[in-house]
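See below for the structure under consideration.
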Amino acid sequence: MAAIDGKDRVFLFLQGPHGPFFWRLGRMLRAAGAEVWRVGFNQGDGVFWPGRAGYIAFTEDQSAWPARLEALVAEKRVTDIVLYGDTRFVHAEAVRIARAAGLGIHVFEEGYLRPYWVTYERGGSNGNSRLMTMSVAAMQKVLADAERDIPEAPAHWGDMRHHVFYGALYHFFVMFLNRRYRGFKPHRAMPVTKEFRLYLQRLVLMPLLALERRIATLRIKHGGFPYHLALLQLEHDSSFQAHSPFSTMTDFLDLVISGFAEGAARHHHLVFKAHPLEDGRVPLRAELRHLARLHGVEKRVHYVRGGKLAALLDHARSAVTVNSTAAQQVLWRGLPLRAFGDAVFAKPDFVSTQGVAEFFTRPSRPDNRAYRDYRRYLLETSQVPGGFYSARGRRQLLRQVVDMMLIADDPYDALARGTAAPRQQLFAVK
């Protein structure tokens with residue numbers, strides 16, 4: 001195996017997860033011998049790149065970005081770009097330009113097996129991932145030559161409160177100190193001021209929301225009725241917007257409730273589980289009440305705001321989702337699953353393709369062995385233990401991912417060719 005070295009590599013960072021992860025990643029790449037630059041599109045980006053060494057402020061109108069990036073690639077002799085998510089305009093354009101120039105494209109995302117891993121891929125993630133075109137049979141063939149055992153995740157990273165805190169801080173800087181970046185345009189439709197208020201509100205109300213969630217969960221667990229789960233996502237999330245057939249979450253809610261009303265047994269119930277970061281910008285509870293009344297199932301539909309999924313999955317009959325990565329927990333338990341959007345886990349080996357009403361009547365079960373092979377393949381390749389938001393999670397992630405970025409092969413080819421950087425076998429972090 002060639003030496004893992006950053007010599008002659010020039011990494012250009014674009015937008016990353018809220019917080020200091022990208023800065024720490026860049027610092028470690030410099031230690032490996034690489035040259036590192038960071039483009040900042042707003043004051044939030046700038047604040048999380050301390051010292052501003054290698055920092056480039058993009059203050060023009062967004063329409064000037066493609067030409068500016070092409071100039072930067074030539075001027076800095078960039079060999080690699082690094083980004084978080086690949087669907088927002090500045091990143092989608094960067095991926096297009098990088099492919100044309102033959103650059104390395106390093107894409108980070110929340111873990112497909114979250115919350116204890118993050119995703120690292122080359123070229124694209126989610127609906128643009130190489131996993132979309134891979135069959136389980138092809139994965140099993142590669143795994144036949146892989147001998148390593150992948151340990152299970154630790155019990156807790158403590159990332160959620162850090163995630164909310166950094167999100168509020170980031171939007172504060174964009175809202176109040178962004179004068180220099182007059183051309184900045186958020187990748188979401190909501191104004192930054194409202195985004196900040198929602199983050200702050202959620203941070204303040206976390207204890208109250210936790211109590212409400214616990215009461216709702218206990219009522220369902222002790223209700224004595226069979227139930228199905230609907231795993232909700234953030235309507236503004238890139239996976240929902242770019243890789244699903246729905247334009248709004250209400251469209252999905254209506255499809256699921258109408259299918260449940262038609263196909264489910266009359267004593268069965270339906271539980272909608274909100275995303276942990278749901279902040280109220282979409283009136284989900286009100287929409288559910290309206291649709292449940294419309295389809296005559298108002299006494300059998302429940303709503304749980306965020307929180308952990310395990311307590312509800314332990315007694316569920318099946319689950320439906322657009323393309324939430326929480327579906328991986330459903331499949332791990334061997335429960336029937338119906339997904340409606342493009343997703344890396346939506347393989348016919350273990351995800352149902354039945355109509356909605358038929359699924360609620362008699363859901364087809366997954367091939368558990370196929371799913372476990374698929375899951376092991378992810379753990380051997382693109383899933384890296386750690387997290388973006390807590391110091392503990394970042395330490396764990398950085399111990400592994402820098403080596404993965406510096407080798408020539410992407411995580412999937414590295415496993416097949418035997419060139420993968422050695423994986424850690426222990427999760428204990430001090």
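Ordering of the structure tokens sets the chain letters (A, B, ...), residue numbers begin anew at 1 in every chain, and ligands are numbered from 1 in the order given.
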
Can you tell me which residues surround stretch 94-101 of chain A at a distance of at most 9 Å, considering only C-alpha atoms, apart from same-chain residues fewer than 2 positions away, and format the answer as number ranges by chain? A: 14, 65-66, 69-70, 73, 79-81, 86, 89-92, 103-105, 123-124

Excluding A:Tyr55 and any residue of its chain fewer than 5 positions from it, enumerate the residues within 8 Å of it, using only C-alpha atoms, and give them as a ChimeraX atom specification. /A:37-40,46,49

Write out the residues from the selection above, keeping N, CA and C atoms, as a short mmCIF file (atom, residue, chain, number, x, y, z; two decimals), in the first residue's frame.
data_model
loop_
_atom_site.label_atom_id
_atom_site.label_comp_id
_atom_site.auth_asym_id
_atom_site.auth_seq_id
_atom_site.Cartn_x
_atom_site.Cartn_y
_atom_site.Cartn_z
N TRP A 37 -7.52 25.25 1.62
CA TRP A 37 -8.22 26.52 1.47
C TRP A 37 -9.69 26.32 1.82
N ARG A 38 -10.33 27.37 2.24
CA ARG A 38 -11.76 27.31 2.60
C ARG A 38 -12.48 28.50 2.00
N VAL A 39 -13.56 28.24 1.26
CA VAL A 39 -14.43 29.30 0.77
C VAL A 39 -15.56 29.50 1.76
N GLY A 40 -15.75 30.74 2.21
CA GLY A 40 -16.84 31.07 3.12
C GLY A 40 -17.89 31.88 2.40
N GLY A 46 -17.31 31.92 8.22
CA GLY A 46 -16.07 32.57 8.64
C GLY A 46 -15.74 32.35 10.10
N TRP A 49 -14.07 29.14 11.05
CA TRP A 49 -12.74 28.90 10.46
C TRP A 49 -11.77 29.84 11.17
#

Mind pulling up the distance from atom CA of A:Leu277 to atom CA of A:Leu234?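 It comes out at 7.6 Å.
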
Test item: residues at most 8 Å from A:Phe41, only C-alpha atoms, excluding those fewer than 6 positions along its chain, as a list in words: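 Here the qualifying residues turn out to be Gln15, Ala57, Phe58, Thr59, Tyr181 and Phe184 of chain A.
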
Go through stretch 109-146 of chain A and flag each residue having an atom no more than 10 Å from stretch 322-330 of chain A; for those, report the closest pair of atoms plus their distance in Å to one decimal, using only C-alpha atoms, ordered by chain and rising number, as CSV.
residue,atom,partner,partner_atom,distance
A:Glu110,CA,A:Thr325,CA,9.0
A:Gly111,CA,A:Thr325,CA,7.9
A:Tyr112,CA,A:Thr325,CA,5.5
A:Leu113,CA,A:Gln328,CA,6.5
A:Arg114,CA,A:Thr325,CA,7.3
A:Pro115,CA,A:Ala326,CA,9.1
A:Asn126,CA,A:Asn323,CA,9.3
A:Gly127,CA,A:Asn323,CA,9.6

What does the file look like for those residues with N, CA, C and O atoms, as a tab-separated table (two decimals), in the first residue's frame?
chain	number	residue	atom	x	y	z
A	110	GLU	N	-24.67	13.27	7.03
A	110	GLU	CA	-25.06	12.55	8.23
A	110	GLU	C	-25.02	11.05	7.92
A	110	GLU	O	-25.21	10.64	6.79
A	111	GLY	N	-24.77	10.24	8.93
A	111	GLY	CA	-24.57	8.82	8.68
A	111	GLY	C	-25.79	8.12	8.13
A	111	GLY	O	-26.91	8.37	8.57
A	112	TYR	N	-25.57	7.23	7.18
A	112	TYR	CA	-26.66	6.36	6.74
A	112	TYR	C	-27.08	5.44	7.88
A	112	TYR	O	-28.21	4.95	7.90
A	113	LEU	N	-26.17	5.18	8.81
A	113	LEU	CA	-26.46	4.39	10.00
A	113	LEU	C	-26.41	5.27	11.24
A	113	LEU	O	-25.90	4.85	12.27
A	114	ARG	N	-26.85	6.50	11.10
A	114	ARG	CA	-26.79	7.44	12.22
A	114	ARG	C	-27.54	6.90	13.41
A	114	ARG	O	-28.39	6.03	13.25
A	115	PRO	N	-27.26	7.40	14.60
A	115	PRO	CA	-26.49	8.60	14.89
A	115	PRO	C	-25.03	8.35	15.27
A	115	PRO	O	-24.35	9.29	15.64
A	126	ASN	N	-26.38	10.21	-0.72
A	126	ASN	CA	-27.82	9.97	-0.79
A	126	ASN	C	-28.21	9.51	-2.20
A	126	ASN	O	-27.66	8.54	-2.70
A	127	GLY	N	-29.13	10.20	-2.87
A	127	GLY	CA	-29.57	9.78	-4.18
A	127	GLY	C	-28.50	9.86	-5.26
A	127	GLY	O	-28.68	9.31	-6.35
